[in-house]
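With compact mmCIF, C-alpha atoms inside, this is target31.txt:
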```txt
# COMPACT_ATOMS: atom_id res chain seq x y z
CA MET A 1 58.37 38.30 -76.06
CA SER A 2 59.07 36.05 -73.12
CA ARG A 3 58.79 32.31 -73.59
CA VAL A 4 56.52 30.98 -70.92
CA ILE A 5 55.70 27.65 -69.34
CA ILE A 6 52.10 28.54 -68.75
CA ALA A 7 51.10 26.71 -65.54
CA LEU A 8 52.87 24.76 -62.90
CA LEU A 9 52.85 27.50 -60.40
CA PHE A 10 50.40 25.61 -58.32
CA ALA A 11 52.76 22.68 -58.02
CA LEU A 12 55.68 24.78 -56.80
CA SER A 13 55.10 26.44 -53.46
CA ALA A 14 58.37 28.36 -53.63
CA VAL A 15 57.90 29.56 -57.18
CA SER A 16 56.01 32.77 -57.86
CA SER A 17 55.99 32.56 -61.66
CA THR A 18 56.59 30.05 -64.41
CA SER A 19 57.74 32.12 -67.34
CA ILE A 20 60.99 31.23 -69.05
CA ASN A 21 63.95 33.60 -69.48
CA ILE A 22 67.58 34.14 -70.46
CA ALA A 23 71.08 34.74 -69.16
CA THR A 24 74.75 34.61 -70.05
CA GLY A 25 77.71 34.84 -67.78
CA LYS A 26 81.29 33.86 -68.42
CA GLN A 27 83.08 35.48 -71.31
CA ALA A 28 83.02 33.01 -74.20
CA GLN A 29 84.54 33.04 -77.64
CA GLN A 30 81.52 33.33 -79.88
CA THR A 31 81.26 31.83 -83.35
CA GLN A 32 78.80 33.89 -85.36
CA ALA A 33 75.66 31.93 -86.10
CA GLN A 34 74.13 31.94 -89.54
CA THR A 35 70.81 33.68 -90.03
CA PRO A 36 67.68 31.77 -91.14
CA ALA A 37 68.19 33.21 -94.63
CA GLN A 38 71.77 31.95 -94.74
CA ALA A 39 70.55 28.57 -93.56
CA GLN A 40 67.87 28.34 -96.23
CA GLU A 41 69.60 25.50 -98.06
CA GLN A 42 69.38 23.43 -94.89
CA ALA A 43 65.86 24.50 -93.98
CA GLN A 44 64.15 21.56 -95.64
CA GLU A 45 66.69 19.01 -94.51
CA GLN A 46 65.23 16.33 -92.30
CA ALA A 47 67.14 15.46 -89.15
CA PRO A 48 68.33 11.89 -88.55
CA GLU A 49 65.89 9.66 -86.69
CA SER A 50 68.20 9.70 -83.68
CA PHE A 51 71.39 11.61 -82.93
CA LEU A 52 73.51 12.92 -80.06
CA VAL A 53 74.35 16.54 -79.31
CA GLU A 54 77.22 17.41 -76.99
CA MET A 55 76.79 20.64 -75.04
CA GLU A 56 80.00 22.23 -73.83
CA THR A 57 79.43 24.45 -70.79
CA ASP A 58 81.53 26.47 -68.36
CA VAL A 59 79.93 24.74 -65.35
CA ASP A 60 82.61 23.64 -62.89
CA GLY A 61 85.33 24.55 -65.35
CA GLY A 62 83.97 22.82 -68.44
CA GLY A 63 81.24 20.30 -67.74
CA LYS A 64 79.71 18.50 -70.73
CA VAL A 65 76.10 17.47 -71.26
CA VAL A 66 75.05 14.97 -73.93
CA LEU A 67 71.53 14.91 -75.35
CA ASN A 68 69.97 11.96 -77.15
CA VAL A 69 67.54 13.45 -79.68
CA THR A 70 64.68 11.32 -81.02
CA ARG A 71 62.87 12.61 -84.09
CA ALA A 72 59.81 10.39 -83.59
CA TRP A 73 59.05 12.24 -80.35
CA ALA A 74 58.62 15.63 -82.06
CA PRO A 75 59.58 15.69 -85.76
CA ILE A 76 58.96 19.39 -86.39
CA GLY A 77 60.83 20.43 -83.27
CA VAL A 78 63.74 18.08 -83.93
CA ASP A 79 64.20 19.21 -87.54
CA HIS A 80 64.30 22.81 -86.29
CA PHE A 81 66.71 22.00 -83.45
CA TYR A 82 68.98 20.16 -85.89
CA LYS A 83 69.10 23.25 -88.09
CA LEU A 84 69.84 25.49 -85.10
CA VAL A 85 72.72 23.30 -83.94
CA ARG A 86 74.19 23.00 -87.44
CA ASN A 87 74.16 26.80 -87.74
CA ASP A 88 75.85 27.43 -84.37
CA PHE A 89 72.90 29.21 -82.81
CA TYR A 90 73.65 27.75 -79.37
CA THR A 91 77.18 29.13 -79.22
CA ALA A 92 77.63 31.41 -76.16
CA ASN A 93 74.08 31.17 -74.84
CA ALA A 94 73.42 31.85 -71.18
CA PHE A 95 71.51 29.61 -68.81
CA PHE A 96 69.31 32.57 -67.97
CA ARG A 97 66.71 30.92 -65.78
CA VAL A 98 67.07 28.27 -63.10
CA VAL A 99 64.08 27.24 -61.01
CA PRO A 100 65.13 24.55 -58.51
CA ASP A 101 63.12 21.34 -58.80
CA PHE A 102 61.52 22.63 -61.99
CA VAL A 103 63.60 23.69 -65.03
CA VAL A 104 66.81 25.17 -66.42
CA GLN A 105 66.13 27.41 -69.42
CA PHE A 106 68.38 28.67 -72.24
CA GLY A 107 68.27 29.50 -75.94
CA ILE A 108 68.85 33.23 -76.51
CA ASN A 109 71.84 33.99 -78.70
CA GLY A 110 74.22 36.53 -77.17
CA ASP A 111 74.32 38.52 -80.42
CA PRO A 112 71.07 40.57 -80.49
CA THR A 113 71.01 40.70 -84.30
CA ILE A 114 71.32 36.93 -84.68
CA ASN A 115 68.82 36.34 -81.92
CA ALA A 116 66.22 38.66 -83.48
CA GLU A 117 66.43 36.89 -86.82
CA TRP A 118 66.05 33.39 -85.42
CA SER A 119 63.48 34.24 -82.74
CA SER A 120 61.00 35.30 -85.41
CA ASP A 121 61.23 31.87 -87.10
CA GLU A 122 58.28 30.19 -85.33
CA ILE A 123 57.36 26.56 -85.92
CA LEU A 124 54.15 24.59 -85.46
CA ASP A 125 53.59 22.47 -82.37
CA ASP A 126 54.16 18.73 -82.23
CA PRO A 127 51.77 16.45 -80.35
CA VAL A 128 53.07 15.30 -76.96
CA VAL A 129 54.37 11.73 -77.32
CA VAL A 130 56.53 11.35 -74.20
CA SER A 131 56.23 12.92 -70.77
CA ASN A 132 58.20 15.82 -69.27
CA THR A 133 60.20 13.63 -66.90
CA VAL A 134 63.56 14.41 -65.30
CA GLY A 135 66.22 15.15 -67.91
CA THR A 136 63.92 15.62 -70.89
CA VAL A 137 64.41 18.65 -73.14
CA THR A 138 61.47 20.70 -74.41
CA TYR A 139 60.84 23.99 -76.22
CA ALA A 140 59.63 26.97 -74.21
CA THR A 141 56.72 28.77 -75.83
CA ALA A 142 54.70 31.98 -75.79
CA GLY A 143 51.51 30.13 -76.74
CA PRO A 144 50.41 27.67 -79.43
CA ASP A 145 52.68 27.34 -82.49
CA THR A 146 55.29 29.80 -81.19
CA ARG A 147 58.34 27.59 -80.67
CA THR A 148 61.58 29.20 -81.84
CA THR A 149 64.92 28.74 -80.07
CA GLN A 150 64.37 28.67 -76.31
CA LEU A 151 64.58 25.31 -74.55
CA PHE A 152 64.31 23.98 -71.03
CA ILE A 153 65.65 20.89 -69.29
CA ASN A 154 63.30 19.36 -66.74
CA LEU A 155 64.89 19.10 -63.29
CA ALA A 156 61.93 17.14 -61.90
CA ASP A 157 58.97 15.09 -63.02
CA ASN A 158 56.97 17.86 -64.70
CA SER A 159 54.34 15.64 -66.27
CA GLN A 160 51.75 18.32 -65.51
CA LEU A 161 53.18 20.14 -68.55
CA ASP A 162 52.16 17.33 -70.90
CA SER A 163 48.52 18.38 -71.11
CA GLN A 164 49.60 21.94 -71.92
CA GLY A 165 51.27 20.86 -75.15
CA PHE A 166 54.94 20.88 -74.15
CA ALA A 167 56.44 18.09 -76.24
CA PRO A 168 59.87 16.74 -75.19
CA PHE A 169 62.21 15.86 -78.06
CA ALA A 170 65.41 14.78 -76.30
CA THR A 171 66.78 13.53 -73.03
CA VAL A 172 70.02 14.05 -71.13
CA VAL A 173 72.02 10.82 -71.29
CA GLU A 174 75.25 12.19 -69.83
CA GLY A 175 75.98 15.14 -67.56
CA MET A 176 72.76 15.51 -65.59
CA ASP A 177 75.01 16.34 -62.62
CA VAL A 178 76.31 19.28 -64.68
CA VAL A 179 72.74 20.43 -65.36
CA GLN A 180 71.93 20.21 -61.65
CA ALA A 181 75.00 22.34 -60.85
CA ILE A 182 74.11 25.25 -63.16
CA TYR A 183 74.24 28.52 -61.23
CA ASN A 184 70.96 30.26 -60.44
CA PRO A 185 71.53 33.92 -61.42
CA THR A 186 68.27 35.15 -59.83
CA PRO A 187 67.60 33.11 -56.68
CA ASN A 188 64.93 35.56 -55.52
CA ASP A 189 63.11 35.69 -58.84
CA SER A 190 61.85 32.52 -60.52
CA ASN A 191 61.40 34.41 -63.79
CA GLY A 192 65.16 34.52 -64.21
CA ILE A 193 67.09 37.22 -66.02
CA ASN A 194 64.95 39.67 -67.96
CA GLN A 195 64.56 38.14 -71.39
CA ASP A 196 63.75 41.33 -73.25
CA GLU A 197 66.84 43.12 -71.96
CA TYR A 198 69.10 40.17 -72.67
CA SER A 199 67.65 39.77 -76.17
CA LYS A 200 68.22 43.44 -76.98
CA LEU A 201 71.55 44.02 -75.22
CA GLY A 202 73.23 40.62 -75.52
CA ASN A 203 76.16 39.05 -73.73
CA ASP A 204 78.02 42.31 -73.14
CA TRP A 205 75.18 43.50 -70.93
CA LEU A 206 74.63 40.14 -69.28
CA THR A 207 78.20 39.46 -68.26
CA LYS A 208 78.39 42.86 -66.56
CA ARG A 209 75.02 42.60 -64.85
CA TYR A 210 75.15 38.87 -63.94
CA PRO A 211 78.84 37.90 -64.08
CA ASP A 212 78.41 34.49 -62.45
CA THR A 213 75.82 33.22 -64.90
CA ASN A 214 76.80 29.94 -66.52
CA MET A 215 77.13 29.66 -70.27
CA LEU A 216 76.46 27.09 -72.94
CA LEU A 217 79.67 27.58 -74.90
CA ASP A 218 79.04 25.37 -77.91
CA THR A 219 77.01 22.45 -79.26
CA THR A 220 78.34 19.65 -81.45
CA LEU A 221 76.51 16.97 -83.42
CA GLN A 222 77.88 13.50 -82.73
```

Write out the structure in this file as structure tokens.
Amino acid sequence: MSRVIIALLFALSAVSSTSINIATGKQAQQTQAQTPAQAQEQAQEQAPESFLVEMETDVDGGGKVVLNVTRAWAPIGVDHFYKLVRNDFYTANAFFRVVPDFVVQFGINGDPTINAEWSSDEILDDPVVVSNTVGTVTYATAGPDTRTTQLFINLADNSQLDSQGFAPFATVVEGMDVVQAIYNPTPNDSNGINQDEYSKLGNDWLTKRYPDTNMLLDTTLQ
């Protein structure tokens, strides 16, 4: 099921759709993520009130992005994100959708088995506390209470998403230039790389079909 930002089309004259997708590109050494069952001991663990996450990418030969995560903004979403990072879910994920002046989307694991297990682990929505401004990080959804693993970084002031229930939980505090430089693998299609195919076929398929797609290589708690 595609994760969709359900509106916004009207604000983007050059954008024909606002659904959110997936992609992977450069060959990356992948650390196998744990499954939700394997992570059960950590499932109830509350995230710190504030923490940093360093994202290592292959953009421009190894650009880094640092997120400042604030639990008070979206406690349910942050606890889930903390668990995902601790269990290496975001190792070798593609930046599968880039819509200029809108969003960059990622959050499909390149191993179809791992991705299928985590993508069925849906969480409840958080109320929107802060706005979808430039550099904020938010879950993509397929409707109410369907957040799982897919995220997007706002490339513009997308405050029109606030009333639709998209609750930011972090902001980019370092490396926004790296985010802005992420390669757009589908410049003629704002939907990005086909999410269903990527989810089922993984990084082997993606790197052959879209070899220039940028990758999120790893995430580290700081």

Using only C-alpha atoms, tabulate the residues of stretch 144-173 of chain A lying at most 9 Å from any atom of stretch 72-83 of chain A, each with its closest atom pair and that distance in Å to one decimal, by chain and increasing residue number, as a Markdown table.
```
| residue | atom | partner | partner_atom | distance |
| --- | --- | --- | --- | --- |
| A:Arg147 | CA | A:Gly77 | CA | 8.0 |
| A:Thr148 | CA | A:His80 | CA | 8.2 |
| A:Thr149 | CA | A:Phe81 | CA | 7.7 |
| A:Ala167 | CA | A:Ala74 | CA | 6.7 |
| A:Pro168 | CA | A:Trp73 | CA | 6.9 |
| A:Phe169 | CA | A:Trp73 | CA | 5.3 |
| A:Ala170 | CA | A:Trp73 | CA | 8.0 |
```

Can you tell me which residues surround stretch 211-218 of chain A at a distance of at most 6 Å, considering all atoms listed in the file, apart from same-chain residues fewer than 6 positions away, and format the answer as a CSV table (one decimal) with C-alpha atoms, keeping the file's coordinate frame?
```csv
chain,number,residue,atom,x,y,z
A,24,THR,CA,74.8,34.6,-70.0
A,25,GLY,CA,77.7,34.8,-67.8
A,55,MET,CA,76.8,20.6,-75.0
A,56,GLU,CA,80.0,22.2,-73.8
A,57,THR,CA,79.4,24.4,-70.8
A,58,ASP,CA,81.5,26.5,-68.4
A,91,THR,CA,77.2,29.1,-79.2
A,92,ALA,CA,77.6,31.4,-76.2
A,93,ASN,CA,74.1,31.2,-74.8
A,94,ALA,CA,73.4,31.8,-71.2
A,95,PHE,CA,71.5,29.6,-68.8
A,185,PRO,CA,71.5,33.9,-61.4
```

Minimum-distance residue to A:Gln195, chosen among A:Val69, A:Ile108, A:Ala142, A:Leu155 (using all atoms listed in the file):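 With all atoms listed in the file as the atom set, the closest residue is A:Ile108.
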
Ranking A:Gly61, A:Gly202, A:Gly110, A:Pro144 by minimum distance to A:Asp126 and counting all atoms listed in the file, which one comes first? A:Pro144

From the list A:Tyr90, A:Tyr183, A:Trp118, A:Phe166, which residue is nearest A:Val130 when using all atoms listed in the file?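 Looking at the shortest contact to A:Val130, the residue is A:Phe166.
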
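Checking A:Leu52, A:Glu45, A:Gly143, A:Ser190 one by one against A:Phe102, counting all atoms listed in the file, you find the shortest gap at A:Ser190.
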
How far is it from atom CA of A:Pro187 to atom CA of A:Thr146, in Å with one decimal?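 Value for the atom CA of A:Pro187-atom CA of A:Thr146 distance: 27.6 Å.
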
Atom CA of A:Val173 and atom CA of A:Ser50, how far apart in Å?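 Between atom CA of A:Ser50 and atom CA of A:Val173 the gap is 13.0 Å.
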
Quick one, how far is atom CA of A:Ile123 from atom CA of A:Thr136?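 Between these atoms lies a distance of 19.7 Å.
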
Nearby residues, (70.1, 25.3, -64.6) file frame, 7 Å, all atoms listed in the file, as a list in words: Phe95, Arg97, Val98, Val103, Val104, Gln105, Val179, Gln180, Ala181, Ile182, Tyr183 and Asn184 of chain A

So, with all atoms listed in the file as the atoms that count, which of A:Asp111, A:Asp145, A:Asp189, A:Asp157 lies closest to A:Asp204?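 For A:Asp204, the nearest of the candidates is A:Asp111.
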
Skipping near chain neighbours, those fewer than 6 positions away, what residues fall within 10 Å of A:Met176 using all atoms listed in the file, listed as a PyMOL selection string? chain A and resi 63-67+134-135+153+155

Only C-alpha atoms, please: the residues just picked out, written as a compact mmCIF listing (two decimals), keeping the file's coordinate frame.
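Final output, saved to part.txt:
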```txt
# COMPACT_ATOMS: atom_id res chain seq x y z
CA GLY A 63 81.24 20.30 -67.74
CA LYS A 64 79.71 18.50 -70.73
CA VAL A 65 76.10 17.47 -71.26
CA VAL A 66 75.05 14.97 -73.93
CA LEU A 67 71.53 14.91 -75.35
CA VAL A 134 63.56 14.41 -65.30
CA GLY A 135 66.22 15.15 -67.91
CA ILE A 153 65.65 20.89 -69.29
CA LEU A 155 64.89 19.10 -63.29
```

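Closest to A:Leu84 among A:Gln164, A:Asn158, A:Thr113, A:Thr220 is A:Thr220, based on all atoms listed in the file.
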